[in-house]
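Step one of this worksheet: look at the structure below.
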Amino acid sequence: MRGHRAAAPRPPRVRAGRAAIGAFAVLAATIPAAASAAGSQEVDSELPYVCALPSGRQPVTVRVSAVFPDRAEPGEAFSPTGVTTTVELPAEAVADLTAPEAATVRAATRLTVGVTQNEAAAEAIWRGTAEPVPLPGSGPLTLTTTGDVPSVTGRGDGDLTFSAGNLAVDLALGTADGTATGPGTPALDCSPAGDAPEDGLLVSVPVGTDTPEPGGSPSASGSSPATPGPPSGTPEDGQGNRAPKGAQDPPGGTAGRDAPPCRYDDGNPSTSASLNAYITGYSNVRKLRGASLIPLSCLLVEQGPLDIVDFFPDFTGAYLKQHSEGRLHHQGRERTPPFQADFLTFGFVPTRATMVLEQTGPLTLDVAGETVFETGYTTFESHARVPLVLRVTALEVNGTPLDVGPRCRTERPLRSPEPEPSKYPGDHVVLSGSSTHHPPGMPVGYLLSSGGPLTGEVTVPAFTGCGTGGENLDRLLTASVSGPGNYIKQIQGQTCAVQVFNADECTEDLQPLKIPVPER
């Protein structure tokens, strides 16, 4: 097929203005902060791209428009506004996308934007959606999407630069009466052409006024390197000296707070998608007619992108999904801190057990949702899954210590009813939550970014390996604790996006600021 020559690229245009930067909600329920800068700069960049199509790679033209503040202060979060992505497809590309009876096409875009400041780098995903437009029988096609984007924060002095990267374009074809056509939704994977001006540079936003200092981890003095980045996006490799050192609790950390350390460090580096949060709660012990406190524990998460799975049949909304992975973190191990529980065994014998929950496999967080384009009304259903073994480290019955030995634990992981057993086999805990969001109001319920309650029910398996010196305590613990119907209510606190410093969410050494309180 004959190639199409892209139009000569134009350099980015930046115009001064007085538009104020307002606060708005992002689909993933991240709430960007309002920029306080008095002025703004309007960006309109035309860039050459190359897209993969069934017939081969084709050149296309992409235009990115947005309004940025003309400057920002260190630690100040801001969000570009008026973000528009326009994809101009040549006639050859349009011919590859046609389908029988297709009369309209609706586009959704995901533009990867590189954000750098001094030696620090991160990535954000700018998402956009559009109303259906007529699909031409021949000739070129222009698709324009708009959407809100995540906020970004400069951690110190120095220009924040934004550059356009890879672009994904999801296309939904429809008939003249609005019904979907074709076996699925075609998608385009596009990348900047080699001759993109200034490597796709969109804009630079000056941050602070002082000369930046190289190296160093985040500190209260403001002399650290910047750590820009979104609260979500594609995980990257370790980020070198942007991870806090973590050997001590610096000012503004968890020192003096009743909370265990919860941070990334050189041996456990963060990425642009890294979050941390505290969790706590209560777990009923049905046999003992009591509840055990789930200790305040550290959760580290790599947040996955929020993707559009498909559009509604009438294209008024979309189905969404997100997959994230995480792990418990305590003193370098995937476990909770030790915790004690006091019960009356068999209804009258005072018993105190010291226990630990140990993670024995992947911790996953899966979200499914729906959003309505016109109103922004969005609902999410979340499921957290993790295999946990309950280990007993000490036992005291009626005031007498009993030596349980070093290997006292449940013989299998705790087990919850699994709504999708064929997809998620094996024994594991399932905790579920839901949320609704009707802009401009705040989200209600559980969201990974803002936290909230997750609930579930577990069966505690029989115990094994308990006792020393010929004394077998397996049957005592199994008779006292093991069995089904143990209700769990976990409360997760607000996450800290560790490469996007927000003083309302993170301590100065990038630990979660919000400490949740357990609820029954």
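Lettering and numbering for the structure tokens are positional, with chains as A, B, ... in the shown order, residues counted from 1 in each chain, and ligands counted from 1 in the shown order.
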
Which polymer residues have any atom within 9 Å of an atom of A:Ser324, counting only C-alpha atoms, with same-chain residues fewer than 4 positions away left out, as an mmCIF file with C-alpha atoms, in the first residue's frame?
```
data_model
loop_
_atom_site.group_PDB
_atom_site.id
_atom_site.type_symbol
_atom_site.label_atom_id
_atom_site.label_comp_id
_atom_site.auth_asym_id
_atom_site.auth_seq_id
_atom_site.Cartn_x
_atom_site.Cartn_y
_atom_site.Cartn_z
ATOM 1 C CA VAL A 301 1.218 -1.515 46.018
ATOM 2 C CA GLU A 302 2.150 -1.247 42.351
ATOM 3 C CA GLN A 303 -0.960 0.403 40.913
ATOM 4 C CA GLY A 304 -1.975 -0.742 37.445
ATOM 5 C CA PRO A 305 -3.542 1.468 34.773
ATOM 6 C CA LEU A 363 -1.559 -10.052 46.719
ATOM 7 C CA THR A 364 -3.807 -8.758 43.934
ATOM 8 C CA LEU A 365 -6.361 -5.944 43.799
ATOM 9 C CA ASP A 366 -8.836 -6.112 40.921
ATOM 10 C CA VAL A 367 -11.329 -3.369 40.136
#
```

Mind the document's chain letters and residue numbers, and return as a PyMOL selection string the residues of stretch 347-508 of chain A that DSSP labels strand (DSSP E or B).
chain A and resi 349-359+363-372+378-386+388-397+400-402+409-410+415+429-437+444-445+447+451-460+463-464+483-492+496-497+506

If you run DSSP on the backbone, which residues of stretch 81-115 of chain A are helix (DSSP H, G or I), as number ranges by chain?
A: 91-97

Smallest atom-to-atom distance to A:His323: which of A:Val404, A:Ala72, A:Cys51, A:Leu306, using only C-alpha atoms?
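Closest to A:His323 of all the choices is A:Leu306.
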
Closest atom pairs, residues of stretch 442-481 of chain A within 12 Å of stretch 508-515 of chain A, only C-alpha atoms, as a Markdown table:
```
| residue | atom | partner | partner_atom | distance |
| --- | --- | --- | --- | --- |
| A:Ser449 | CA | A:Pro512 | CA | 11.6 |
| A:Ser450 | CA | A:Lys514 | CA | 9.9 |
| A:Gly451 | CA | A:Lys514 | CA | 9.9 |
| A:Gly452 | CA | A:Lys514 | CA | 11.6 |
```

For A:Ala103, which residue out of A:Thr146, A:Ser79, A:Thr175, A:Ser40 is the nearest one, using only C-alpha atoms?
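Closest candidate: A:Thr175.
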
Figure out the distance between atom CA of A:Ala497 and atom CA of A:Thr153, please, to one decimal in Å.
10.7 Å

Residues near A:Glu88, cut-off 12 Å, only C-alpha atoms, skip fewer than 6 positions along chain, as an NGL selection string:
:A and (4 or 6-7 or 46-51 or 58-64 or 94 or 107 or 139-145 or 169)

Output file for the residues above (N, CA and C atoms, as an mmCIF file, in the first residue's frame):
```
data_model
loop_
_atom_site.group_PDB
_atom_site.id
_atom_site.type_symbol
_atom_site.label_atom_id
_atom_site.label_comp_id
_atom_site.auth_asym_id
_atom_site.auth_seq_id
_atom_site.Cartn_x
_atom_site.Cartn_y
_atom_site.Cartn_z
ATOM 1 N N HIS A 4 1.965 7.348 3.166
ATOM 2 C CA HIS A 4 1.403 8.706 3.219
ATOM 3 C C HIS A 4 2.407 9.591 3.926
ATOM 4 N N ALA A 6 3.581 12.475 6.181
ATOM 5 C CA ALA A 6 3.001 13.289 7.250
ATOM 6 C C ALA A 6 3.262 14.765 6.987
ATOM 7 N N ALA A 7 2.369 15.592 7.480
ATOM 8 C CA ALA A 7 2.564 17.030 7.340
ATOM 9 C C ALA A 7 3.801 17.461 8.108
ATOM 10 N N GLU A 46 1.935 19.980 17.509
ATOM 11 C CA GLU A 46 1.649 19.035 16.434
ATOM 12 C C GLU A 46 2.869 18.151 16.247
ATOM 13 N N LEU A 47 2.675 16.825 16.351
ATOM 14 C CA LEU A 47 3.792 15.896 16.378
ATOM 15 C C LEU A 47 3.579 14.757 15.385
ATOM 16 N N PRO A 48 4.643 14.304 14.730
ATOM 17 C CA PRO A 48 4.525 13.145 13.829
ATOM 18 C C PRO A 48 4.588 11.839 14.616
ATOM 19 N N TYR A 49 3.695 10.915 14.318
ATOM 20 C CA TYR A 49 3.646 9.606 14.956
ATOM 21 C C TYR A 49 3.618 8.529 13.881
ATOM 22 N N VAL A 50 3.875 7.303 14.292
ATOM 23 C CA VAL A 50 3.740 6.135 13.430
ATOM 24 C C VAL A 50 2.865 5.124 14.169
ATOM 25 N N CYS A 51 1.808 4.626 13.488
ATOM 26 C CA CYS A 51 0.861 3.701 14.120
ATOM 27 C C CYS A 51 0.899 2.342 13.422
ATOM 28 N N GLN A 58 1.852 3.046 9.614
ATOM 29 C CA GLN A 58 1.440 4.210 8.835
ATOM 30 C C GLN A 58 1.758 5.484 9.616
ATOM 31 N N PRO A 59 2.212 6.541 8.935
ATOM 32 C CA PRO A 59 2.435 7.819 9.614
ATOM 33 C C PRO A 59 1.109 8.525 9.887
ATOM 34 N N VAL A 60 0.988 9.121 11.050
ATOM 35 C CA VAL A 60 -0.187 9.915 11.407
ATOM 36 C C VAL A 60 0.299 11.192 12.087
ATOM 37 N N THR A 61 -0.597 12.143 12.203
ATOM 38 C CA THR A 61 -0.292 13.395 12.890
ATOM 39 C C THR A 61 -1.093 13.462 14.181
ATOM 40 N N VAL A 62 -0.438 13.822 15.265
ATOM 41 C CA VAL A 62 -1.077 13.926 16.577
ATOM 42 C C VAL A 62 -0.889 15.342 17.094
ATOM 43 N N ARG A 63 -1.965 15.933 17.562
ATOM 44 C CA ARG A 63 -1.928 17.269 18.161
ATOM 45 C C ARG A 63 -2.311 17.151 19.630
ATOM 46 N N VAL A 64 -1.545 17.784 20.496
ATOM 47 C CA VAL A 64 -1.799 17.778 21.934
ATOM 48 C C VAL A 64 -1.944 19.220 22.398
ATOM 49 N N VAL A 94 -7.463 4.822 7.453
ATOM 50 C CA VAL A 94 -8.913 4.691 7.603
ATOM 51 C C VAL A 94 -9.411 3.441 6.895
ATOM 52 N N ALA A 107 -13.633 7.268 19.693
ATOM 53 C CA ALA A 107 -12.235 7.067 20.075
ATOM 54 C C ALA A 107 -12.042 7.276 21.572
ATOM 55 N N GLY A 139 -10.938 8.735 2.310
ATOM 56 C CA GLY A 139 -10.298 9.959 2.745
ATOM 57 C C GLY A 139 -9.840 9.897 4.184
ATOM 58 N N PRO A 140 -9.261 10.989 4.684
ATOM 59 C CA PRO A 140 -8.708 11.008 6.043
ATOM 60 C C PRO A 140 -9.793 11.091 7.104
ATOM 61 N N LEU A 141 -9.381 10.931 8.360
ATOM 62 C CA LEU A 141 -10.303 10.964 9.504
ATOM 63 C C LEU A 141 -9.599 11.644 10.659
ATOM 64 N N THR A 142 -10.280 12.589 11.293
ATOM 65 C CA THR A 142 -9.738 13.285 12.462
ATOM 66 C C THR A 142 -10.539 12.892 13.696
ATOM 67 N N LEU A 143 -9.842 12.423 14.726
ATOM 68 C CA LEU A 143 -10.461 12.006 15.991
ATOM 69 C C LEU A 143 -9.924 12.894 17.107
ATOM 70 N N THR A 144 -10.821 13.489 17.883
ATOM 71 C CA THR A 144 -10.431 14.400 18.962
ATOM 72 C C THR A 144 -11.020 13.919 20.274
ATOM 73 N N THR A 145 -10.166 13.749 21.281
ATOM 74 C CA THR A 145 -10.616 13.299 22.602
ATOM 75 C C THR A 145 -10.228 14.332 23.651
ATOM 76 N N VAL A 169 -4.818 4.155 20.923
ATOM 77 C CA VAL A 169 -6.120 4.669 20.484
ATOM 78 C C VAL A 169 -7.087 3.486 20.381
#
```

Between A:Ala394, A:Leu454, A:Ile491, A:Ala353, single out the one closest to A:Gly467, counting only C-alpha atoms.
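Closest candidate: A:Ala394.
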
Tell me which protein, DNA and RNA residues are within 9 Å of stretch 457-459 of chain A, counting only C-alpha atoms, leaving out same-chain ones fewer than 2 positions away, and put them as a tab-separated table (two decimals) with N, CA and C atoms, in the first residue's frame.
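Here's the written file selection_8.tsv:
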```tsv
chain	number	residue	atom	x	y	z
A	283	SER	N	-11.02	-8.94	63.07
A	283	SER	CA	-11.43	-10.24	62.56
A	283	SER	C	-12.13	-11.00	63.67
A	414	LEU	N	-5.58	-19.26	55.12
A	414	LEU	CA	-6.98	-18.97	55.41
A	414	LEU	C	-7.76	-18.98	54.09
A	415	ARG	N	-9.04	-19.34	54.16
A	415	ARG	CA	-9.83	-19.55	52.94
A	415	ARG	C	-11.14	-18.77	53.00
A	416	SER	N	-11.41	-18.02	51.93
A	416	SER	CA	-12.68	-17.29	51.79
A	416	SER	C	-13.49	-17.89	50.66
A	417	PRO	N	-14.81	-17.71	50.67
A	417	PRO	CA	-15.60	-18.05	49.48
A	417	PRO	C	-15.12	-17.23	48.30
A	428	HIS	N	-7.21	-18.76	49.68
A	428	HIS	CA	-6.78	-17.38	49.87
A	428	HIS	C	-7.92	-16.58	50.49
A	429	VAL	N	-7.58	-15.44	51.03
A	429	VAL	CA	-8.56	-14.52	51.60
A	429	VAL	C	-9.08	-13.61	50.49
A	430	VAL	N	-10.39	-13.37	50.48
A	430	VAL	CA	-11.02	-12.44	49.55
A	430	VAL	C	-11.72	-11.35	50.35
A	431	LEU	N	-11.33	-10.11	50.14
A	431	LEU	CA	-11.99	-8.96	50.76
A	431	LEU	C	-12.56	-8.08	49.65
A	455	THR	N	-14.47	-5.93	53.26
A	455	THR	CA	-15.00	-6.95	54.16
A	455	THR	C	-14.97	-8.32	53.50
A	461	PRO	N	-8.05	-22.79	58.95
A	461	PRO	CA	-7.75	-24.23	58.89
A	461	PRO	C	-7.21	-24.75	60.22
A	482	SER	N	-10.01	-22.88	64.98
A	482	SER	CA	-10.26	-23.26	63.58
A	482	SER	C	-11.74	-23.42	63.29
A	483	GLY	N	-12.12	-23.06	62.06
A	483	GLY	CA	-13.51	-23.22	61.63
A	483	GLY	C	-13.94	-22.11	60.71
A	484	PRO	N	-15.15	-22.21	60.14
A	484	PRO	CA	-15.65	-21.23	59.16
A	484	PRO	C	-16.36	-20.06	59.82
A	485	GLY	N	-16.78	-19.10	58.98
A	485	GLY	CA	-17.67	-18.03	59.41
A	485	GLY	C	-17.01	-16.94	60.21
A	486	ASN	N	-15.74	-16.67	59.99
A	486	ASN	CA	-15.04	-15.61	60.72
A	486	ASN	C	-15.03	-14.34	59.89
A	487	TYR	N	-15.83	-13.38	60.30
A	487	TYR	CA	-16.02	-12.13	59.55
A	487	TYR	C	-14.82	-11.21	59.73
A	488	ILE	N	-14.39	-10.56	58.64
A	488	ILE	CA	-13.28	-9.61	58.66
A	488	ILE	C	-13.76	-8.27	58.13
A	489	LYS	N	-13.38	-7.21	58.82
A	489	LYS	CA	-13.58	-5.86	58.31
A	489	LYS	C	-12.25	-5.13	58.38
```
